[in-house]
$ cat target06.txt   # compact mmCIF, C-alpha atoms and all ligand atoms
# COMPACT_ATOMS: atom_id res chain seq x y z
CA MET A 4 27.91 -36.02 -31.98
CA ARG A 5 25.75 -35.71 -28.90
CA LEU A 6 26.12 -38.23 -26.15
CA ILE A 7 25.52 -38.86 -22.48
CA LEU A 8 27.93 -40.59 -20.12
CA LEU A 9 26.02 -42.24 -17.30
CA GLY A 10 27.55 -43.70 -14.17
CA PRO A 11 27.98 -43.27 -10.43
CA PRO A 12 30.32 -40.64 -8.95
CA GLY A 13 33.91 -41.74 -9.53
CA ALA A 14 33.00 -44.03 -12.45
CA GLY A 15 35.46 -42.23 -14.74
CA LYS A 16 32.98 -40.18 -16.76
CA GLY A 17 35.11 -37.04 -16.57
CA THR A 18 38.29 -38.84 -17.66
CA GLN A 19 36.60 -40.46 -20.65
CA ALA A 20 34.78 -37.24 -21.55
CA GLN A 21 38.09 -35.35 -21.68
CA ARG A 22 39.51 -37.89 -24.10
CA LEU A 23 36.45 -37.66 -26.34
CA VAL A 24 36.64 -33.87 -26.30
CA ASN A 25 40.18 -34.01 -27.69
CA ARG A 26 39.38 -36.73 -30.17
CA HIS A 27 36.10 -35.46 -31.60
CA LYS A 28 36.49 -31.72 -30.98
CA ILE A 29 33.22 -31.53 -29.11
CA VAL A 30 32.60 -29.95 -25.71
CA GLN A 31 32.17 -31.60 -22.34
CA LEU A 32 29.21 -30.24 -20.43
CA SER A 33 29.64 -31.26 -16.82
CA THR A 34 26.86 -29.89 -14.64
CA GLY A 35 29.05 -30.60 -11.58
CA ASP A 36 31.84 -28.41 -13.04
CA MET A 37 29.37 -25.70 -14.03
CA LEU A 38 27.82 -25.67 -10.56
CA ARG A 39 31.23 -25.63 -8.86
CA ALA A 40 32.19 -22.65 -11.05
CA ALA A 41 28.94 -20.92 -10.04
CA VAL A 42 29.67 -21.59 -6.35
CA LYS A 43 33.19 -20.20 -6.74
CA ALA A 44 31.94 -17.11 -8.53
CA GLY A 45 29.21 -16.60 -5.91
CA THR A 46 26.45 -16.28 -8.52
CA PRO A 47 22.79 -16.63 -7.42
CA VAL A 48 22.80 -20.23 -8.74
CA GLY A 49 26.05 -20.88 -6.87
CA LEU A 50 24.65 -19.53 -3.60
CA LYS A 51 21.60 -21.76 -4.03
CA ALA A 52 23.69 -24.84 -4.83
CA LYS A 53 26.62 -24.50 -2.41
CA ASP A 54 25.25 -26.22 0.70
CA ILE A 55 23.22 -28.75 -1.26
CA MET A 56 26.35 -29.87 -3.10
CA ALA A 57 28.50 -30.03 0.03
CA ARG A 58 25.90 -32.35 1.56
CA GLY A 59 26.10 -34.58 -1.53
CA GLU A 60 22.47 -33.95 -2.46
CA LEU A 61 21.02 -33.06 -5.84
CA VAL A 62 20.48 -29.47 -6.89
CA PRO A 63 16.82 -28.89 -7.97
CA ASP A 64 15.99 -30.06 -11.49
CA ASP A 65 14.86 -26.62 -12.72
CA VAL A 66 18.22 -25.09 -11.78
CA VAL A 67 20.34 -27.62 -13.68
CA VAL A 68 17.96 -27.83 -16.64
CA ALA A 69 18.22 -24.04 -17.06
CA ILE A 70 22.04 -24.19 -16.90
CA VAL A 71 22.20 -26.92 -19.55
CA ALA A 72 19.66 -25.19 -21.83
CA ASP A 73 21.82 -22.05 -21.79
CA ARG A 74 25.02 -23.96 -22.31
CA ILE A 75 23.99 -26.03 -25.33
CA ASP A 76 22.98 -22.84 -27.11
CA GLN A 77 26.58 -21.56 -26.99
CA PRO A 78 28.40 -21.64 -30.34
CA ASP A 79 31.05 -24.11 -29.14
CA ALA A 80 28.37 -26.73 -28.46
CA LYS A 81 27.00 -26.61 -32.02
CA LYS A 82 29.37 -29.36 -33.24
CA GLY A 83 28.32 -31.67 -30.46
CA PHE A 84 28.65 -32.29 -26.75
CA ILE A 85 29.11 -34.88 -24.07
CA LEU A 86 26.81 -34.53 -21.11
CA ASP A 87 28.60 -35.60 -17.95
CA GLY A 88 26.53 -35.66 -14.77
CA PHE A 89 23.33 -34.67 -16.57
CA PRO A 90 20.61 -35.84 -16.70
CA ARG A 91 20.55 -37.26 -13.19
CA THR A 92 16.82 -37.79 -12.77
CA VAL A 93 14.04 -38.94 -15.08
CA PRO A 94 12.42 -35.45 -15.07
CA GLN A 95 15.81 -34.04 -16.17
CA ALA A 96 15.97 -36.63 -18.98
CA GLU A 97 12.45 -35.70 -20.09
CA ALA A 98 13.35 -32.01 -19.99
CA LEU A 99 16.45 -32.75 -22.08
CA ASP A 100 14.39 -34.69 -24.65
CA ALA A 101 11.96 -31.80 -24.94
CA MET A 102 14.79 -29.24 -25.12
CA LEU A 103 16.58 -31.16 -27.91
CA ALA A 104 13.33 -31.82 -29.80
CA ARG A 105 12.59 -28.07 -29.80
CA LYS A 106 16.00 -27.50 -31.39
CA GLY A 107 15.51 -30.35 -33.89
CA LEU A 108 18.38 -32.31 -32.31
CA GLY A 109 18.69 -35.84 -30.98
CA LEU A 110 21.07 -37.94 -28.91
CA ASP A 111 23.45 -40.31 -30.69
CA ALA A 112 24.24 -42.54 -27.71
CA VAL A 113 23.98 -42.98 -23.98
CA ILE A 114 26.93 -44.88 -22.53
CA GLU A 115 26.73 -46.28 -19.03
CA LEU A 116 29.92 -47.02 -17.08
CA LYS A 117 29.26 -49.74 -14.52
CA VAL A 118 31.51 -49.76 -11.46
CA ASP A 119 31.29 -51.48 -8.04
CA ASP A 120 30.87 -49.35 -4.95
CA GLY A 121 34.16 -50.57 -3.37
CA MET A 122 36.09 -49.43 -6.43
CA LEU A 123 34.30 -46.06 -6.38
CA LEU A 124 35.41 -45.41 -2.80
CA LYS A 125 39.00 -46.24 -3.74
CA ARG A 126 38.84 -43.93 -6.74
CA ILE A 127 37.47 -41.06 -4.67
CA GLU A 128 40.25 -41.61 -2.09
CA ASN A 129 42.82 -41.50 -4.91
CA ARG A 130 41.25 -38.35 -6.34
CA VAL A 131 41.52 -36.67 -2.91
CA ALA A 132 45.18 -37.75 -2.55
CA ASP A 133 46.03 -36.54 -6.09
CA THR A 134 44.29 -33.20 -5.51
CA GLN A 135 46.16 -32.70 -2.23
CA ALA A 136 49.46 -33.67 -3.88
CA ARG A 137 48.88 -30.94 -6.49
CA GLY A 138 48.28 -28.46 -3.66
CA GLU A 139 44.69 -27.87 -4.82
CA THR A 140 41.54 -27.63 -2.71
CA VAL A 141 39.73 -30.92 -2.23
CA ARG A 142 36.09 -30.94 -3.35
CA ALA A 143 33.75 -30.46 -0.39
CA ASP A 144 31.82 -33.59 -1.40
CA ASP A 145 34.85 -35.86 -1.90
CA ASN A 146 34.63 -37.66 1.42
CA PRO A 147 33.19 -41.07 2.43
CA ASP A 148 30.02 -39.62 4.03
CA SER A 149 29.10 -37.50 1.02
CA LEU A 150 30.01 -40.35 -1.32
CA LYS A 151 27.59 -42.68 0.47
CA LYS A 152 24.86 -40.06 0.13
CA ARG A 153 25.70 -39.46 -3.52
CA LEU A 154 25.60 -43.20 -4.19
CA THR A 155 22.26 -43.61 -2.43
CA GLY A 156 20.95 -40.74 -4.57
CA TYR A 157 22.49 -42.29 -7.67
CA TYR A 158 20.77 -45.65 -7.24
CA ALA A 159 17.45 -44.07 -6.29
CA GLN A 160 17.29 -41.25 -8.83
CA THR A 161 19.85 -41.71 -11.60
CA ALA A 162 20.14 -45.49 -12.13
CA PRO A 163 16.53 -45.63 -13.50
CA LEU A 164 17.82 -43.59 -16.45
CA ALA A 165 19.50 -46.75 -17.78
CA GLY A 166 16.04 -48.28 -18.26
CA TYR A 167 14.70 -45.00 -19.63
CA TYR A 168 17.32 -44.88 -22.39
CA ALA A 169 17.27 -48.65 -22.98
CA ARG A 170 13.58 -48.36 -23.81
CA LYS A 171 14.50 -45.72 -26.37
CA GLY A 172 17.14 -48.05 -27.85
CA LYS A 173 19.92 -45.59 -26.96
CA LEU A 174 21.73 -47.34 -24.10
CA SER A 175 25.07 -49.13 -24.23
CA SER A 176 26.57 -50.40 -20.96
CA ILE A 177 30.25 -51.11 -20.47
CA ASP A 178 32.50 -52.33 -17.68
CA GLY A 179 33.85 -49.17 -16.10
CA MET A 180 36.21 -51.20 -13.88
CA ALA A 181 38.49 -51.98 -16.81
CA SER A 182 41.57 -49.83 -17.35
CA ILE A 183 41.14 -46.31 -18.76
CA PRO A 184 42.44 -47.34 -22.23
CA GLN A 185 40.18 -50.42 -22.29
CA VAL A 186 37.12 -48.36 -21.37
CA ALA A 187 38.14 -45.85 -24.05
CA THR A 188 38.35 -48.64 -26.64
CA GLU A 189 34.88 -49.88 -25.73
CA ILE A 190 33.48 -46.35 -26.01
CA ASP A 191 35.11 -45.95 -29.43
CA LYS A 192 33.54 -49.22 -30.59
CA ILE A 193 30.10 -48.01 -29.54
CA LEU A 194 30.58 -44.66 -31.24
CA GLY A 195 31.84 -46.46 -34.35
CA ARG A 196 28.67 -48.54 -34.45
CA VAL A 197 26.53 -45.44 -33.93
CA ALA A 198 28.34 -43.59 -36.73
CA GLY A 199 27.95 -46.63 -39.00
CA ARG A 200 24.23 -46.67 -38.41
CA ALA A 201 23.82 -42.96 -39.10
CA ARG A 202 22.60 -42.49 -42.67
CA PRO A 203 24.64 -39.99 -44.70
CA ALA A 204 22.73 -36.78 -45.34
CA GLY A 205 20.58 -37.16 -48.44
CA ALA A 206 20.77 -40.96 -48.51
CA LYS A 207 17.48 -42.57 -49.29
CA ARG A 208 15.78 -44.80 -46.78
CA ARG A 209 15.67 -48.41 -48.04
CA PRO A 210 12.15 -49.63 -48.66
CA ALA A 211 10.99 -51.84 -45.82
CA LYS A 212 10.97 -55.56 -46.65
CA ALA A 213 7.59 -57.16 -46.61
CA SER A 214 7.46 -59.14 -43.38
CA LYS A 215 6.49 -62.78 -43.41
CA ALA A 216 3.31 -63.50 -41.62
CA GLY A 217 4.02 -64.74 -38.13
CA ALA A 218 7.70 -63.72 -38.27
CA LYS A 219 9.13 -62.68 -34.94
CA VAL A 220 9.86 -59.00 -34.57
CA LYS A 221 12.78 -58.13 -32.36
CA PRO A 222 11.85 -55.23 -30.08
CA LYS A 223 13.88 -52.16 -30.92
CA ALA A 224 14.56 -50.99 -27.42
CA GLY A 225 17.13 -53.09 -25.66
CA ARG A 226 18.99 -54.34 -28.67
CA LYS A 227 22.04 -52.23 -28.07
CA GLY A 228 22.95 -52.65 -24.46
CA LYS A 229 23.46 -55.57 -22.13
CA ALA A 230 21.13 -53.89 -19.68
CA ALA A 231 18.38 -53.74 -22.22
CA LYS A 232 16.46 -56.97 -22.00
CA SER A 233 13.51 -57.91 -24.07
CA PRO A 234 10.28 -57.39 -22.17
CA ALA A 235 9.35 -61.02 -22.86
CA LYS A 236 12.58 -62.29 -21.29
CA SER A 237 12.21 -60.10 -18.23
CA ALA A 238 8.64 -61.19 -17.78
CA SER A 239 9.55 -64.87 -17.93
CA ARG A 240 12.39 -64.32 -15.44
CA ARG A 241 10.04 -62.56 -13.07
CA LYS A 242 7.62 -65.44 -13.44
CA LYS A 243 10.26 -67.93 -12.37
CA GLY A 244 10.62 -65.90 -9.21
CA SER A 245 14.41 -65.93 -9.45
CA SER A 246 14.87 -62.73 -11.14
CA VAL A 247 15.56 -59.52 -9.34
CA LYS A 248 18.59 -60.20 -7.22
CA ARG A 249 19.50 -57.55 -4.76
CA ARG A 250 22.81 -56.75 -3.25
CA ARG A 251 23.89 -54.51 -0.48
CA THR A 252 25.79 -51.44 -1.55
CA LEU A 253 28.28 -49.23 0.16
CA ALA A 254 25.53 -46.70 0.47
CA GLY A 255 23.69 -49.11 2.74
CA SER A 256 20.79 -49.19 0.35
CA LYS A 257 19.67 -52.08 -1.79
CA ARG A 258 19.63 -51.94 -5.51
CA PRO A 259 18.58 -54.37 -8.16
CA LYS A 260 21.48 -56.11 -9.84
CA ARG A 261 21.32 -55.62 -13.55
CA SER A 262 23.20 -58.14 -15.57
P1 LIG A 301 29.50 -34.25 -10.06
O1 LIG A 301 30.70 -33.42 -10.30
O2 LIG A 301 28.82 -34.67 -11.33
O3 LIG A 301 29.77 -35.43 -9.15
O4 LIG A 301 28.42 -33.33 -9.30
C1 LIG A 301 28.72 -32.76 -8.06
C2 LIG A 301 27.45 -32.28 -7.40
O5 LIG A 301 26.83 -31.27 -8.22
C3 LIG A 301 26.38 -33.33 -7.21
O6 LIG A 301 26.58 -34.12 -6.05
C4 LIG A 301 25.12 -32.47 -7.13
O7 LIG A 301 25.03 -31.83 -5.86
C5 LIG A 301 25.40 -31.40 -8.16
N1 LIG A 301 24.93 -31.80 -9.50
C6 LIG A 301 25.69 -32.03 -10.59
N2 LIG A 301 24.94 -32.35 -11.64
C7 LIG A 301 23.66 -32.36 -11.20
C8 LIG A 301 22.41 -32.65 -11.82
N3 LIG A 301 22.32 -33.02 -13.11
N4 LIG A 301 21.29 -32.54 -11.06
C9 LIG A 301 21.35 -32.16 -9.76
N5 LIG A 301 22.49 -31.89 -9.12
C10 LIG A 301 23.65 -31.98 -9.83
$ encode --input "target06.txt" --output "structure tokens"
Amino acid sequence: MRLILLGPPGAGKGTQAQRLVNRHKIVQLSTGDMLRAAVKAGTPVGLKAKDIMARGELVPDDVVVAIVADRIDQPDAKKGFILDGFPRTVPQAEALDAMLARKGLGLDAVIELKVDDGMLLKRIENRVADTQARGETVRADDNPDSLKKRLTGYYAQTAPLAGYYARKGKLSSIDGMASIPQVATEIDKILGRVAGRARPAGAKRRPAKASKAGAKVKPKAGRKGKAAKSPAKSASRRKKGSSVKRRRTLAGSKRPKRS
């Protein structure tokens, strides 16, 4: 199984990924963790990334794409992986598509955890308190200023990935503000549906039914996730002029509200 967890910093991607690792015996590939390890080890990548990360900015695409390409070639990733924190930009998503296509692999699902900014700030504050209580070093970017920057970056650069994967019919969005077990249940339901759709190896494709003339064809992209709307619906909403509501975020930027 190969999947992507999408969501803003503090959305709970790491927590859910850990659970999936134990359950499905696949590996979690967190670019944030890999970069932090590189910073700690003082590798050339780490030296390049250190200050960028502390400022809450994104490390250049080519650096993270190279890290991921190396990592998914490792034997422990052969059974499957969960990408956490990658891709974070559309060029990264395109690079991932190309990388997987070259290896003859595909993605099974992209799951987006949707969480309000206020809740994210609280979660980051809790993470800092928990880390301090354990006597560990707090992440350099776990502070309100860096969080605001990371959120601004998320809405500008990463949020468009929801549309990117919805168009490919891969996206499922869930309420990341629910409790950890509830979010886990929703993720399991999605993965169950994905597994149900996957044809067993060797099974024959059913012959396509002859379509009735004039019958409506449901567009493929957008069927799976709430966020994925039919182009016709979106167009008619835009026409009515109501459509794209905006709301102010903690980051001080505006972002479109997706239903
Ligand atoms: P995270 O642990 O996912 O919140 O990532 C921590 C920091 O690592 C981010 O704020 C970025 O500076 C950097 N980072 C992690 N993943 C990526 C990525 N895919 N692209 C660029 N920078 C990344």
$ closest_residue --input "target06.txt" --among "A:Asp65, A:Asp178, A:Glu60, A:Asp54" --to "ligand LIG 301 (chain A)" --atoms "all atoms listed in the file"
A:Glu60
$ residues_near_ligand --input "target06.txt" --ligand "ligand LIG 301 (chain A)" --cutoff "6 Å" --atoms "only C-alpha atoms and all ligand atoms" --output "list in words"
Pro12, Thr34, Gly35, Asp36, Ile55, Met56, Gly59, Glu60, Leu61, Val62, Pro63, Asp64, Val67, Gly88, Phe89, Pro90, Arg91 and Arg153 of chain A
$ residues_near_point --input "target06.txt" --point "(36.6, -43.5, -0.6)" --cutoff "10 Å" --atoms "only C-alpha atoms" --output "compact mmCIF listing (two decimals) with C-alpha atoms, in the coordinates of the input"
# COMPACT_ATOMS: atom_id res chain seq x y z
CA GLY A 13 33.91 -41.74 -9.53
CA ASP A 120 30.87 -49.35 -4.95
CA GLY A 121 34.16 -50.57 -3.37
CA MET A 122 36.09 -49.43 -6.43
CA LEU A 123 34.30 -46.06 -6.38
CA LEU A 124 35.41 -45.41 -2.80
CA LYS A 125 39.00 -46.24 -3.74
CA ARG A 126 38.84 -43.93 -6.74
CA ILE A 127 37.47 -41.06 -4.67
CA GLU A 128 40.25 -41.61 -2.09
CA ASN A 129 42.82 -41.50 -4.91
CA ARG A 130 41.25 -38.35 -6.34
CA VAL A 131 41.52 -36.67 -2.91
CA ASP A 145 34.85 -35.86 -1.90
CA ASN A 146 34.63 -37.66 1.42
CA PRO A 147 33.19 -41.07 2.43
CA ASP A 148 30.02 -39.62 4.03
CA SER A 149 29.10 -37.50 1.02
CA LEU A 150 30.01 -40.35 -1.32
CA LYS A 151 27.59 -42.68 0.47
$ atom_distance --input "target06.txt" --atom1 "CA of Lys53 in chain A" --atom2 "CA of Thr140 in chain A"
15.2 Å
$ atom_distance --input "target06.txt" --atom1 "CA of Ala181 in chain A" --atom2 "CA of Gln19 in chain A"
12.3 Å
$ residues_around --input "target06.txt" --residues "Ala187 in chain A" --least-positions-apart "4" --cutoff "9 Å" --atoms "all atoms listed in the file" --output "MDAnalysis selection string"
chainID A and resid 19 22:23 182:183 191:192
$ atom_distance --input "target06.txt" --atom1 "CA of Ser175 in chain A" --atom2 "CA of Ile114 in chain A"
4.9 Å
$ residues_around --input "target06.txt" --residues "Lys81 in chain A" --least-positions-apart "6" --cutoff "10 Å" --atoms "all atoms listed in the file" --output "list in words"
Met4, Arg5, Ile29, Val30 and Ile75 of chain A
$ closest_residue --input "target06.txt" --among "A:Ser33, A:Ala44, A:Leu50, A:Pro94" --to "Val71 in chain A" --atoms "all atoms listed in the file"
A:Ser33
$ closest_residue --input "target06.txt" --among "A:Lys28, A:Glu189, A:Ala40, A:Arg58" --to "Gly83 in chain A" --atoms "all atoms listed in the file"
A:Lys28
$ axis_aligned_box --input "target06.txt" --around "range 184-202 of chain A" --padding-each-side "6 Å" --output "lines of an AutoDock Vina configuration file"
center_x = 32.5
center_y = -46.5
center_z = -32.0
size_x = 31.8
size_y = 19.9
size_z = 33.3
$ closest_residue --input "target06.txt" --among "A:Ala136, A:Val68, A:Leu38, A:Val118" --to "Lys51 in chain A" --atoms "all atoms listed in the file"
A:Leu38
$ closest_residue --input "target06.txt" --among "A:Leu174, A:Pro47, A:Val186, A:Ala52" --to "Ala20 in chain A" --atoms "only C-alpha atoms"
A:Val186
$ build_atoms --input "target06.txt" --residues "range 157-176 of chain A" --atoms "N, CA and C atoms" --output "JSON list (two decimals), keeping the file's coordinate frame"
[["chain", "number", "residue", "atom", "x", "y", "z"],
["A", 157, "TYR", "N", 22.27, -41.76, -6.32],
["A", 157, "TYR", "CA", 22.49, -42.29, -7.67],
["A", 157, "TYR", "C", 21.58, -43.49, -7.94],
["A", 158, "TYR", "N", 21.57, -44.44, -6.99],
["A", 158, "TYR", "CA", 20.77, -45.65, -7.24],
["A", 158, "TYR", "C", 19.28, -45.34, -7.22],
["A", 159, "ALA", "N", 18.89, -44.38, -6.38],
["A", 159, "ALA", "CA", 17.45, -44.07, -6.29],
["A", 159, "ALA", "C", 16.99, -43.23, -7.48],
["A", 160, "GLN", "N", 17.80, -42.22, -7.85],
["A", 160, "GLN", "CA", 17.29, -41.25, -8.83],
["A", 160, "GLN", "C", 17.90, -41.36, -10.23],
["A", 161, "THR", "N", 19.18, -41.75, -10.29],
["A", 161, "THR", "CA", 19.85, -41.71, -11.60],
["A", 161, "THR", "C", 19.88, -43.08, -12.29],
["A", 162, "ALA", "N", 20.06, -44.15, -11.51],
["A", 162, "ALA", "CA", 20.14, -45.49, -12.13],
["A", 162, "ALA", "C", 18.91, -45.80, -13.01],
["A", 163, "PRO", "N", 17.68, -45.35, -12.62],
["A", 163, "PRO", "CA", 16.53, -45.63, -13.50],
["A", 163, "PRO", "C", 16.68, -45.06, -14.91],
["A", 164, "LEU", "N", 17.63, -44.14, -15.10],
["A", 164, "LEU", "CA", 17.82, -43.59, -16.45],
["A", 164, "LEU", "C", 18.32, -44.65, -17.42],
["A", 165, "ALA", "N", 19.02, -45.68, -16.90],
["A", 165, "ALA", "CA", 19.50, -46.75, -17.78],
["A", 165, "ALA", "C", 18.29, -47.40, -18.47],
["A", 166, "GLY", "N", 17.25, -47.69, -17.69],
["A", 166, "GLY", "CA", 16.04, -48.28, -18.26],
["A", 166, "GLY", "C", 15.35, -47.30, -19.21],
["A", 167, "TYR", "N", 15.34, -46.04, -18.81],
["A", 167, "TYR", "CA", 14.70, -45.00, -19.63],
["A", 167, "TYR", "C", 15.32, -44.97, -21.03],
["A", 168, "TYR", "N", 16.67, -44.96, -21.09],
["A", 168, "TYR", "CA", 17.32, -44.88, -22.39],
["A", 168, "TYR", "C", 17.35, -46.22, -23.11],
["A", 169, "ALA", "N", 17.34, -47.32, -22.33],
["A", 169, "ALA", "CA", 17.27, -48.65, -22.98],
["A", 169, "ALA", "C", 15.96, -48.76, -23.75],
["A", 170, "ARG", "N", 14.88, -48.28, -23.15],
["A", 170, "ARG", "CA", 13.58, -48.36, -23.81],
["A", 170, "ARG", "C", 13.57, -47.54, -25.09],
["A", 171, "LYS", "N", 14.43, -46.54, -25.15],
["A", 171, "LYS", "CA", 14.50, -45.72, -26.37],
["A", 171, "LYS", "C", 15.53, -46.29, -27.36],
["A", 172, "GLY", "N", 16.16, -47.42, -26.97],
["A", 172, "GLY", "CA", 17.14, -48.05, -27.85],
["A", 172, "GLY", "C", 18.45, -47.27, -27.94],
["A", 173, "LYS", "N", 18.72, -46.45, -26.90],
["A", 173, "LYS", "CA", 19.92, -45.59, -26.96],
["A", 173, "LYS", "C", 21.05, -46.09, -26.06],
["A", 174, "LEU", "N", 20.75, -47.02, -25.15],
["A", 174, "LEU", "CA", 21.73, -47.34, -24.10],
["A", 174, "LEU", "C", 22.75, -48.39, -24.50],
["A", 175, "SER", "N", 24.02, -48.12, -24.17],
["A", 175, "SER", "CA", 25.07, -49.13, -24.23],
["A", 175, "SER", "C", 25.75, -49.13, -22.87],
["A", 176, "SER", "N", 25.92, -50.32, -22.28],
["A", 176, "SER", "CA", 26.57, -50.40, -20.96],
["A", 176, "SER", "C", 27.92, -51.05, -21.11]]
